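Asks: See protein_24.cif below, with mmCIF, C-alpha atoms.
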```
data_work
loop_
_atom_site.group_PDB
_atom_site.id
_atom_site.type_symbol
_atom_site.label_atom_id
_atom_site.label_comp_id
_atom_site.auth_asym_id
_atom_site.auth_seq_id
_atom_site.Cartn_x
_atom_site.Cartn_y
_atom_site.Cartn_z
ATOM 1 C CA MET A 586 229.462 59.970 -125.540
ATOM 2 C CA GLN A 587 230.202 62.260 -122.615
ATOM 3 C CA LEU A 588 227.385 64.258 -120.993
ATOM 4 C CA GLY A 589 227.101 66.645 -118.082
ATOM 5 C CA LEU A 590 223.844 66.269 -116.156
ATOM 6 C CA ILE A 591 222.554 68.855 -113.686
ATOM 7 C CA GLY A 592 219.880 67.696 -111.240
ATOM 8 C CA LEU A 593 219.990 64.108 -109.986
ATOM 9 C CA GLY A 594 216.550 63.732 -108.426
ATOM 10 C CA LYS A 595 213.954 61.134 -109.382
ATOM 11 C CA MET A 596 214.200 61.827 -113.107
ATOM 12 C CA GLY A 597 217.795 62.995 -113.459
ATOM 13 C CA GLY A 598 219.237 60.266 -111.265
ATOM 14 C CA ASN A 599 217.461 57.531 -113.210
ATOM 15 C CA MET A 600 218.499 59.086 -116.518
ATOM 16 C CA ARG A 601 222.135 59.015 -115.388
ATOM 17 C CA GLU A 602 221.858 55.316 -114.589
ATOM 18 C CA ARG A 603 220.166 54.470 -117.895
ATOM 19 C CA LEU A 604 222.801 56.380 -119.861
ATOM 20 C CA ARG A 605 225.670 54.766 -117.986
ATOM 21 C CA ALA A 606 224.152 51.339 -118.580
ATOM 22 C CA ALA A 607 224.223 52.162 -122.308
ATOM 23 C CA GLY A 608 227.961 52.922 -122.134
ATOM 24 C CA HIS A 609 227.916 56.710 -121.971
ATOM 25 C CA GLU A 610 230.052 58.703 -119.564
ATOM 26 C CA VAL A 611 227.787 60.893 -117.397
ATOM 27 C CA ILE A 612 229.189 63.437 -114.976
ATOM 28 C CA GLY A 613 226.418 64.678 -112.727
ATOM 29 C CA PHE A 614 226.028 67.696 -110.511
ATOM 30 C CA ASP A 615 223.486 68.076 -107.733
ATOM 31 C CA THR A 616 223.201 70.276 -104.663
ATOM 32 C CA ASN A 617 223.162 67.027 -102.678
ATOM 33 C CA PRO A 618 226.869 66.112 -102.440
ATOM 34 C CA ASP A 619 225.994 62.459 -101.827
ATOM 35 C CA LEU A 620 224.607 62.267 -105.377
ATOM 36 C CA SER A 621 227.009 64.581 -107.166
ATOM 37 C CA ASP A 622 230.071 63.768 -109.273
ATOM 38 C CA ALA A 623 231.168 67.416 -109.297
ATOM 39 C CA SER A 624 231.488 69.978 -106.526
ATOM 40 C CA SER A 625 230.055 72.907 -108.520
ATOM 41 C CA LEU A 626 228.941 73.944 -111.987
ATOM 42 C CA GLU A 627 232.464 75.223 -112.596
ATOM 43 C CA ASP A 628 233.855 71.842 -111.611
ATOM 44 C CA LEU A 629 231.335 70.072 -113.842
ATOM 45 C CA VAL A 630 232.336 72.148 -116.871
ATOM 46 C CA ALA A 631 236.035 71.591 -116.125
ATOM 47 C CA LYS A 632 235.544 67.808 -116.081
ATOM 48 C CA LEU A 633 233.936 67.755 -119.527
ATOM 49 C CA GLN A 634 235.840 67.702 -122.798
ATOM 50 C CA ALA A 635 234.994 70.257 -125.474
ATOM 51 C CA PRO A 636 232.687 70.392 -127.322
ATOM 52 C CA ARG A 637 230.540 69.871 -124.233
ATOM 53 C CA ALA A 638 226.912 68.913 -123.840
ATOM 54 C CA ILE A 639 225.203 69.706 -120.533
ATOM 55 C CA TRP A 640 221.656 68.589 -119.766
ATOM 56 C CA SER A 641 219.667 70.379 -117.051
ATOM 57 C CA MET A 642 216.956 68.449 -115.161
ATOM 58 C CA VAL A 643 216.068 70.983 -112.480
ATOM 59 C CA PRO A 644 212.680 72.558 -111.548
ATOM 60 C CA ALA A 645 211.468 75.276 -113.903
ATOM 61 C CA GLY A 646 212.028 78.006 -111.329
ATOM 62 C CA VAL A 647 215.738 77.230 -111.146
ATOM 63 C CA THR A 648 216.422 76.668 -114.839
ATOM 64 C CA GLU A 649 216.854 80.323 -115.819
ATOM 65 C CA ALA A 650 219.716 80.881 -113.393
ATOM 66 C CA ILE A 651 221.370 77.590 -114.424
ATOM 67 C CA VAL A 652 221.237 78.447 -118.128
ATOM 68 C CA ASP A 653 222.600 81.946 -117.564
ATOM 69 C CA GLN A 654 225.460 80.630 -115.442
ATOM 70 C CA LEU A 655 226.318 78.010 -118.036
ATOM 71 C CA GLY A 656 226.404 80.774 -120.638
ATOM 72 C CA THR A 657 229.331 82.331 -118.769
ATOM 73 C CA LEU A 658 231.184 79.021 -118.318
ATOM 74 C CA LEU A 659 230.840 77.226 -121.645
ATOM 75 C CA SER A 660 232.690 77.685 -124.935
ATOM 76 C CA PRO A 661 231.639 78.115 -128.573
ATOM 77 C CA GLY A 662 230.343 74.834 -129.968
ATOM 78 C CA ASP A 663 228.972 73.579 -126.638
ATOM 79 C CA VAL A 664 225.270 72.735 -126.252
ATOM 80 C CA VAL A 665 222.881 73.273 -123.331
ATOM 81 C CA ILE A 666 219.827 71.014 -123.051
ATOM 82 C CA ASP A 667 216.865 71.834 -120.807
ATOM 83 C CA GLY A 668 214.835 68.718 -120.037
ATOM 84 C CA GLY A 669 212.750 70.223 -117.242
ATOM 85 C CA ASN A 670 209.108 71.313 -117.476
ATOM 86 C CA SER A 671 209.902 74.841 -118.606
ATOM 87 C CA ARG A 672 207.351 77.035 -120.354
ATOM 88 C CA PHE A 673 208.002 77.046 -124.105
ATOM 89 C CA THR A 674 208.048 80.850 -124.232
ATOM 90 C CA ASP A 675 211.220 80.834 -122.111
ATOM 91 C CA ASP A 676 213.188 78.796 -124.643
ATOM 92 C CA GLY A 677 213.616 81.377 -127.410
ATOM 93 C CA PRO A 678 215.165 84.070 -125.177
ATOM 94 C CA ARG A 679 217.508 81.488 -123.608
ATOM 95 C CA ALA A 680 218.653 80.287 -127.025
ATOM 96 C CA GLU A 681 219.258 83.862 -128.144
ATOM 97 C CA ARG A 682 221.383 84.662 -125.091
ATOM 98 C CA LEU A 683 223.486 81.534 -125.524
ATOM 99 C CA ALA A 684 223.831 82.065 -129.282
ATOM 100 C CA LYS A 685 225.710 85.315 -128.629
ATOM 101 C CA ASN A 686 228.561 83.092 -127.410
ATOM 102 C CA ASP A 687 227.962 80.481 -130.151
ATOM 103 C CA ILE A 688 226.503 78.022 -127.636
ATOM 104 C CA GLY A 689 223.642 75.803 -128.842
ATOM 105 C CA TYR A 690 220.364 75.202 -127.011
ATOM 106 C CA LEU A 691 217.853 72.360 -127.119
ATOM 107 C CA ASP A 692 214.583 72.095 -125.225
ATOM 108 C CA VAL A 693 213.482 68.531 -124.515
ATOM 109 C CA GLY A 694 210.144 67.458 -123.136
ATOM 110 C CA VAL A 695 210.733 64.268 -121.171
ATOM 111 C CA SER A 696 207.990 61.808 -120.232
ATOM 112 C CA GLY A 697 208.394 58.520 -118.421
ATOM 113 C CA GLY A 698 208.439 59.392 -114.743
ATOM 114 C CA VAL A 699 209.999 56.977 -112.294
ATOM 115 C CA TRP A 700 209.539 54.130 -114.804
ATOM 116 C CA GLY A 701 211.776 55.729 -117.427
ATOM 117 C CA LYS A 702 214.955 54.054 -116.190
ATOM 118 C CA GLN A 703 213.439 50.669 -116.991
ATOM 119 C CA ASN A 704 211.138 51.449 -119.928
ATOM 120 C CA GLY A 705 212.858 54.411 -121.546
ATOM 121 C CA TYR A 706 211.718 58.024 -121.883
ATOM 122 C CA ALA A 707 209.531 59.660 -124.502
ATOM 123 C CA LEU A 708 211.541 62.611 -125.808
ATOM 124 C CA MET A 709 210.145 65.666 -127.612
ATOM 125 C CA VAL A 710 212.986 67.874 -128.867
ATOM 126 C CA GLY A 711 213.108 71.458 -130.066
ATOM 127 C CA GLY A 712 216.160 73.072 -131.663
ATOM 128 C CA SER A 713 218.349 73.075 -134.741
ATOM 129 C CA GLU A 714 218.931 69.895 -136.723
ATOM 130 C CA GLU A 715 222.682 70.319 -136.212
ATOM 131 C CA ASP A 716 222.402 70.361 -132.421
ATOM 132 C CA VAL A 717 219.889 67.519 -132.400
ATOM 133 C CA GLN A 718 222.253 65.325 -134.393
ATOM 134 C CA LYS A 719 225.078 66.035 -131.937
ATOM 135 C CA LEU A 720 222.945 64.606 -129.135
ATOM 136 C CA MET A 721 221.400 61.663 -131.009
ATOM 137 C CA PRO A 722 223.547 59.031 -129.216
ATOM 138 C CA ILE A 723 222.160 60.317 -125.907
ATOM 139 C CA PHE A 724 218.591 60.445 -127.197
ATOM 140 C CA GLU A 725 218.874 56.906 -128.586
ATOM 141 C CA ALA A 726 220.029 55.617 -125.204
ATOM 142 C CA LEU A 727 217.251 57.371 -123.282
ATOM 143 C CA LYS A 728 214.299 56.540 -125.549
ATOM 144 C CA PRO A 729 212.502 53.177 -125.487
ATOM 145 C CA GLU A 730 213.699 50.498 -127.877
ATOM 146 C CA GLY A 731 211.976 50.506 -131.266
ATOM 147 C CA GLU A 732 210.637 53.157 -133.597
ATOM 148 C CA PHE A 733 208.600 55.176 -131.102
ATOM 149 C CA GLY A 734 209.496 57.513 -128.254
ATOM 150 C CA PHE A 735 211.485 60.259 -130.003
ATOM 151 C CA VAL A 736 210.554 63.266 -132.119
ATOM 152 C CA HIS A 737 212.416 66.326 -133.340
ATOM 153 C CA ALA A 738 209.270 68.421 -133.002
ATOM 154 C CA GLY A 739 210.594 71.625 -134.561
ATOM 155 C CA PRO A 740 212.750 74.664 -133.747
ATOM 156 C CA VAL A 741 213.592 75.939 -130.273
ATOM 157 C CA GLY A 742 210.469 75.875 -128.092
ATOM 158 C CA ALA A 743 208.781 73.034 -129.972
ATOM 159 C CA GLY A 744 209.938 70.354 -127.523
ATOM 160 C CA HIS A 745 208.462 72.026 -124.488
ATOM 161 C CA TYR A 746 205.329 72.971 -126.440
ATOM 162 C CA ALA A 747 204.780 69.325 -127.396
ATOM 163 C CA LYS A 748 205.356 68.260 -123.785
ATOM 164 C CA MET A 749 202.870 70.886 -122.591
ATOM 165 C CA VAL A 750 200.156 69.471 -124.858
ATOM 166 C CA HIS A 751 201.176 65.927 -123.845
ATOM 167 C CA ASN A 752 200.620 66.827 -120.196
ATOM 168 C CA GLY A 753 197.310 68.493 -120.972
ATOM 169 C CA ILE A 754 196.128 65.284 -122.632
ATOM 170 C CA GLU A 755 197.410 63.386 -119.604
ATOM 171 C CA TYR A 756 195.195 65.545 -117.364
ATOM 172 C CA GLY A 757 192.131 64.622 -119.427
ATOM 173 C CA LEU A 758 192.919 60.896 -119.593
ATOM 174 C CA MET A 759 193.539 60.654 -115.868
ATOM 175 C CA HIS A 760 190.307 62.450 -115.084
ATOM 176 C CA ALA A 761 188.279 60.136 -117.324
ATOM 177 C CA TYR A 762 189.622 57.109 -115.444
ATOM 178 C CA ALA A 763 188.964 58.918 -112.155
ATOM 179 C CA GLU A 764 185.321 59.651 -113.006
ATOM 180 C CA GLY A 765 184.820 56.057 -114.095
ATOM 181 C CA PHE A 766 186.285 54.876 -110.801
ATOM 182 C CA GLU A 767 183.937 57.082 -108.791
ATOM 183 C CA LEU A 768 180.853 55.880 -110.687
ATOM 184 C CA LEU A 769 181.835 52.221 -110.305
ATOM 185 C CA GLU A 770 182.422 52.744 -106.584
ATOM 186 C CA LYS A 771 178.951 54.282 -106.165
ATOM 187 C CA SER A 772 177.163 51.597 -108.194
ATOM 188 C CA GLU A 773 175.055 48.994 -106.399
ATOM 189 C CA PHE A 774 175.727 46.530 -109.224
ATOM 190 C CA VAL A 775 179.532 46.340 -109.365
ATOM 191 C CA THR A 776 181.102 44.584 -106.393
ATOM 192 C CA ASN A 777 184.747 44.356 -107.494
ATOM 193 C CA VAL A 778 185.937 47.655 -108.909
ATOM 194 C CA PRO A 779 189.688 46.812 -108.947
ATOM 195 C CA GLU A 780 189.043 43.695 -111.034
ATOM 196 C CA VAL A 781 186.970 45.704 -113.508
ATOM 197 C CA PHE A 782 189.910 48.041 -114.113
ATOM 198 C CA ARG A 783 192.268 45.075 -114.331
ATOM 199 C CA SER A 784 190.070 43.390 -116.944
ATOM 200 C CA TRP A 785 190.425 46.413 -119.215
ATOM 201 C CA ARG A 786 194.201 46.079 -119.464
ATOM 202 C CA LYS A 787 193.989 43.754 -122.469
ATOM 203 C CA GLY A 788 191.601 43.755 -125.393
ATOM 204 C CA SER A 789 189.900 47.020 -124.425
ATOM 205 C CA VAL A 790 189.975 50.265 -126.394
ATOM 206 C CA VAL A 791 190.714 52.135 -123.140
ATOM 207 C CA GLN A 792 193.846 50.123 -122.337
ATOM 208 C CA SER A 793 196.909 52.290 -121.682
ATOM 209 C CA TRP A 794 199.904 52.670 -119.421
ATOM 210 C CA LEU A 795 197.854 54.992 -117.220
ATOM 211 C CA LEU A 796 195.263 52.230 -116.864
ATOM 212 C CA ASP A 797 198.053 49.843 -115.845
ATOM 213 C CA LEU A 798 199.128 52.321 -113.181
ATOM 214 C CA MET A 799 195.516 52.661 -112.005
ATOM 215 C CA ASP A 800 195.431 48.893 -111.591
ATOM 216 C CA ASN A 801 198.640 49.087 -109.547
ATOM 217 C CA ALA A 802 197.113 51.743 -107.293
ATOM 218 C CA LEU A 803 193.892 49.782 -106.763
ATOM 219 C CA THR A 804 195.818 46.603 -106.036
ATOM 220 C CA ALA A 805 197.609 48.417 -103.220
ATOM 221 C CA ASP A 806 194.501 50.272 -101.957
ATOM 222 C CA PRO A 807 191.235 48.894 -103.486
ATOM 223 C CA HIS A 808 189.061 51.842 -102.452
ATOM 224 C CA LEU A 809 191.856 54.459 -102.309
ATOM 225 C CA ASP A 810 191.008 54.931 -98.635
ATOM 226 C CA GLN A 811 194.581 55.899 -97.793
ATOM 227 C CA LEU A 812 194.530 58.972 -100.035
ATOM 228 C CA LYS A 813 193.012 62.421 -99.709
ATOM 229 C CA GLY A 814 191.171 63.742 -102.763
ATOM 230 C CA TYR A 815 193.634 66.577 -103.328
ATOM 231 C CA ALA A 816 195.557 67.026 -106.590
ATOM 232 C CA GLU A 817 198.181 69.636 -107.457
ATOM 233 C CA ASP A 818 198.943 70.820 -110.977
ATOM 234 C CA THR A 819 202.430 71.371 -112.368
ATOM 235 C CA GLY A 820 201.540 74.364 -114.518
ATOM 236 C CA GLU A 821 201.565 72.491 -117.835
ATOM 237 C CA GLY A 822 197.777 72.051 -117.760
ATOM 238 C CA ARG A 823 197.299 75.773 -117.161
ATOM 239 C CA TRP A 824 199.650 76.640 -120.025
ATOM 240 C CA THR A 825 197.791 74.258 -122.356
ATOM 241 C CA VAL A 826 194.462 75.932 -121.575
ATOM 242 C CA GLU A 827 196.034 79.380 -121.999
ATOM 243 C CA GLU A 828 197.264 78.351 -125.461
ATOM 244 C CA ALA A 829 193.798 77.044 -126.307
ATOM 245 C CA ILE A 830 192.380 80.463 -125.417
ATOM 246 C CA ARG A 831 195.081 82.275 -127.418
ATOM 247 C CA LEU A 832 194.461 80.143 -130.525
ATOM 248 C CA ALA A 833 190.673 79.820 -130.035
ATOM 249 C CA VAL A 834 190.824 76.021 -129.835
ATOM 250 C CA PRO A 835 187.861 74.392 -128.016
ATOM 251 C CA MET A 836 189.384 72.353 -125.203
ATOM 252 C CA HIS A 837 186.474 71.151 -123.079
ATOM 253 C CA VAL A 838 187.989 68.007 -121.563
ATOM 254 C CA ILE A 839 191.438 69.325 -120.656
ATOM 255 C CA ALA A 840 190.023 72.577 -119.249
ATOM 256 C CA ALA A 841 187.474 70.666 -117.150
ATOM 257 C CA SER A 842 190.146 68.320 -115.798
ATOM 258 C CA LEU A 843 192.289 71.297 -114.788
ATOM 259 C CA PHE A 844 189.405 73.007 -112.999
ATOM 260 C CA ALA A 845 188.578 69.731 -111.237
ATOM 261 C CA ARG A 846 192.049 69.839 -109.671
ATOM 262 C CA PHE A 847 191.342 73.327 -108.380
ATOM 263 C CA ALA A 848 188.073 72.074 -106.878
ATOM 264 C CA SER A 849 189.931 69.261 -105.108
ATOM 265 C CA ARG A 850 191.702 71.840 -102.946
ATOM 266 C CA GLN A 851 188.518 73.329 -101.503
ATOM 267 C CA ASP A 852 187.179 71.860 -98.286
ATOM 268 C CA ASP A 853 184.006 73.934 -98.598
ATOM 269 C CA SER A 854 183.411 75.400 -102.055
ATOM 270 C CA PRO A 855 182.540 79.115 -102.067
ATOM 271 C CA ALA A 856 180.879 78.646 -105.461
ATOM 272 C CA MET A 857 178.638 75.888 -104.126
ATOM 273 C CA LYS A 858 177.697 78.117 -101.175
ATOM 274 C CA ALA A 859 176.607 80.790 -103.648
ATOM 275 C CA ILE A 860 174.554 78.276 -105.637
ATOM 276 C CA ALA A 861 172.844 77.018 -102.464
ATOM 277 C CA ALA A 862 172.047 80.600 -101.448
ATOM 278 C CA LEU A 863 170.593 81.436 -104.881
ATOM 279 C CA ARG A 864 168.436 78.289 -104.954
ATOM 280 C CA ASN A 865 167.103 79.256 -101.544
ATOM 281 C CA GLN A 866 166.406 82.836 -102.659
ATOM 282 C CA PHE A 867 164.534 82.158 -105.871
ATOM 283 C CA GLY A 868 162.866 78.844 -105.046
ATOM 284 C CA GLY A 869 162.868 78.533 -101.312
ATOM 285 C CA HIS A 870 164.964 75.371 -101.625
ATOM 286 C CA ALA A 871 166.379 74.043 -98.368
ATOM 287 C CA VAL A 872 169.971 74.817 -97.472
ATOM 288 C CA THR A 873 172.377 72.932 -95.267
ATOM 289 C CA LYS A 874 173.795 75.160 -92.563
ATOM 290 C CA LYS A 875 177.041 74.716 -90.666
#
```
What would the structure in this file look like if it were written as structure tokens?
Replies:
Amino acid sequence: MQLGLIGLGKMGGNMRERLRAAGHEVIGFDTNPDLSDASSLEDLVAKLQAPRAIWSMVPAGVTEAIVDQLGTLLSPGDVVIDGGNSRFTDDGPRAERLAKNDIGYLDVGVSGGVWGKQNGYALMVGGSEEDVQKLMPIFEALKPEGEFGFVHAGPVGAGHYAKMVHNGIEYGLMHAYAEGFELLEKSEFVTNVPEVFRSWRKGSVVQSWLLDLMDNALTADPHLDQLKGYAEDTGEGRWTVEEAIRLAVPMHVIAASLFARFASRQDDSPAMKAIAALRNQFGGHAVTKK
């Protein structure tokens, strides 16, 4: 099958290689001419045979402009796929705008990171059954071998919604491993923290791919001395917590893991200053001054 692919960074570039290895023709476009197979979006569209399928793998802030431009370049029967980390509420309006020109739209949550080229990508798809079936050869090539790794989650918006919740769960899982690491490091009993994590990789109920990656990190840097305790968030964790508030779903773990990332960015917590001041005021407890 022929596919246009916009955005050839870490994810998009590896996806192109995996698809080509499976026998598909992929024509890519990127702002970096060294990576690109086309000189512009217009050139990309011209190189594809109708009915076209074009997959966007660009940052969420750029996606809107890409989709709108494609809407002016594509023809009835073509399909646009957004595989970036867009907010699910953006998908419906995009689909409606494209539908005015009889252009289909799919939103695809993609998980797999830099390992996806080798292991395959977990794909969560939103859109019509007709459009999903058009792209099934591409999905089959991208997903891992076997029965798992692909879901048609529902109508437009469902793919990005599923990916949002996936990333929220990821926040919580990572933070649980992180807290366990910190406690083991502080303990006077455990003398080989990396080997403890490694031992859990088989036979343990906490085994997972994230645990495997934690083992990789500790093998390279046993005490994580080379890293600063600072963690960004992509927005997906925030959106998950916002949805929990909207739907009144208790989400203690994911919310706490998100707030912990915010705390990691503070060199000197204003909230902790306030707590120290209050303890001093009501109980005369000692404070540490700068």
Asks: Using the chain letters and numbers from the file, give me the residues hit by the PyMOL selection byres ((chain A and resi 839-844) around 6), as a PyMOL selection string.
Replies: chain A and resi 753+756-757+760+836-838+845-847
Asks: With distances taken over only C-alpha atoms, which of A:Asn599, A:Gln634, A:Asn617, A:Thr674 is nearest to Asn704 in chain A?
Replies: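 Checking each of A:Asn599, A:Gln634, A:Asn617, A:Thr674 against Asn704 in chain A, counting only C-alpha atoms, the winner is A:Asn599.
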Asks: With the file shown as input, list the residues that the PyMOL selection byres ((chain A and resi 679) around 10) selects, as a list in words.
Replies: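 On the file shown, the PyMOL selection byres ((chain A and resi 679) around 10) covers Glu649, Val652, Asp653, Gly656, Val665, Thr674, Asp675, Asp676, Gly677, Pro678, Ala680, Glu681, Arg682, Leu683, Ala684, Gly689, Tyr690, Leu691, Asp692 and Val741 of chain A.
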Asks: Step by step: start from the point (199.9, 79.6, -121.2) in the file's coordinates, keep every protein, DNA or RNA residue that has an atom no farther than 12 Å from it, count all atoms listed in the file, and write the set as a ChimeraX atom specification.
Replies: /A:671-675,745-746,749-750,753,820-832
Asks: Could you make a table, as a tab-separated table, of the residues of range 674-758 of chain A that have an atom within 12 Å of an atom of range 788-804 of chain A, each with its nearest atom pair and distance in Å to one decimal, counting all atoms listed in the file, in chain and number order?
Replies:
```
residue	atom	partner	partner_atom	distance
A:Gly697	CA	A:Trp794	CA	10.4
A:Gly698	CA	A:Leu795	CA	11.7
A:Val699	CA	A:Leu798	CA	11.9
A:Trp700	CA	A:Leu798	CA	10.7
A:Asn704	CA	A:Trp794	CA	11.3
A:Ile754	CA	A:Leu795	CA	11.8
A:Glu755	CA	A:Leu795	CA	8.7
A:Tyr756	CA	A:Leu795	CA	10.9
A:Gly757	CA	A:Leu795	CA	11.4
A:Leu758	CA	A:Leu795	CA	8.1
```
Asks: Report the distance between CA of Met600 in chain A and CA of Ile666 in chain A in Å, rounded to one decimal place.
Replies: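 Computing it gives 13.7 Å between the two atoms.
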Asks: I need the residue nearest Ala848 in chain A from this list: A:Ile860, A:Ala816, A:Ala635, A:Leu809. Use only C-alpha atoms for the distance.
Replies: A:Ala816
Asks: Just to confirm, what's the straight-line distance from CA of Val693 in chain A to CA of Lys748 in chain A in Å (one decimal)?
Replies: 8.2 Å
Asks: What does the PyMOL selection byres ((chain A and resi 637) around 8) select in this file, as a list in words?
Replies: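 Answer for the PyMOL selection byres ((chain A and resi 637) around 8): Gln587, Leu588, Gly589, Val630, Leu633, Gln634, Ala635, Pro636, Ala638, Ile639, Leu659, Gly662, Asp663 and Val664 of chain A.
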Asks: May I ask which of the residues A:Pro779, A:Gly592, A:Gly598, A:Gly646 is the closest one to Asp615 in chain A, counting all atoms listed in the file?
Replies: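 Nearest candidate to Asp615 in chain A out of A:Pro779, A:Gly592, A:Gly598, A:Gly646: A:Gly592.
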Asks: Mind rebuilding range 774-785 of chain A with N, CA and C atoms and writing that out as a PDB file, in the coordinates of the input?
Replies:
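New file result-v5.pdb:
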```
ATOM      1  N   PHE A 774     175.597  47.747-108.428  1.00  0.00           N
ATOM      2  CA  PHE A 774     175.727  46.530-109.224  1.00  0.00           C
ATOM      3  C   PHE A 774     177.130  45.949-109.202  1.00  0.00           C
ATOM      4  N   VAL A 775     178.148  46.812-109.274  1.00  0.00           N
ATOM      5  CA  VAL A 775     179.532  46.340-109.365  1.00  0.00           C
ATOM      6  C   VAL A 775     180.088  46.124-107.965  1.00  0.00           C
ATOM      7  N   THR A 776     180.599  44.928-107.726  1.00  0.00           N
ATOM      8  CA  THR A 776     181.102  44.584-106.393  1.00  0.00           C
ATOM      9  C   THR A 776     182.619  44.462-106.334  1.00  0.00           C
ATOM     10  N   ASN A 777     183.289  44.507-107.481  1.00  0.00           N
ATOM     11  CA  ASN A 777     184.747  44.356-107.494  1.00  0.00           C
ATOM     12  C   ASN A 777     185.355  45.350-108.470  1.00  0.00           C
ATOM     13  N   VAL A 778     185.446  46.583-108.039  1.00  0.00           N
ATOM     14  CA  VAL A 778     185.937  47.655-108.909  1.00  0.00           C
ATOM     15  C   VAL A 778     187.379  47.421-109.366  1.00  0.00           C
ATOM     16  N   PRO A 779     188.320  47.039-108.478  1.00  0.00           N
ATOM     17  CA  PRO A 779     189.688  46.812-108.947  1.00  0.00           C
ATOM     18  C   PRO A 779     189.783  45.790-110.073  1.00  0.00           C
ATOM     19  N   GLU A 780     188.983  44.715-109.985  1.00  0.00           N
ATOM     20  CA  GLU A 780     189.043  43.695-111.034  1.00  0.00           C
ATOM     21  C   GLU A 780     188.456  44.194-112.347  1.00  0.00           C
ATOM     22  N   VAL A 781     187.499  45.115-112.279  1.00  0.00           N
ATOM     23  CA  VAL A 781     186.970  45.704-113.508  1.00  0.00           C
ATOM     24  C   VAL A 781     188.081  46.456-114.230  1.00  0.00           C
ATOM     25  N   PHE A 782     188.800  47.306-113.489  1.00  0.00           N
ATOM     26  CA  PHE A 782     189.910  48.041-114.113  1.00  0.00           C
ATOM     27  C   PHE A 782     190.960  47.071-114.653  1.00  0.00           C
ATOM     28  N   ARG A 783     191.255  46.032-113.887  1.00  0.00           N
ATOM     29  CA  ARG A 783     192.268  45.075-114.331  1.00  0.00           C
ATOM     30  C   ARG A 783     191.844  44.374-115.623  1.00  0.00           C
ATOM     31  N   SER A 784     190.556  44.099-115.749  1.00  0.00           N
ATOM     32  CA  SER A 784     190.070  43.390-116.944  1.00  0.00           C
ATOM     33  C   SER A 784     190.247  44.217-118.210  1.00  0.00           C
ATOM     34  N   TRP A 785     190.288  45.535-118.052  1.00  0.00           N
ATOM     35  CA  TRP A 785     190.425  46.413-119.215  1.00  0.00           C
ATOM     36  C   TRP A 785     191.847  46.485-119.756  1.00  0.00           C
TER      37      TRP A 785
END
```
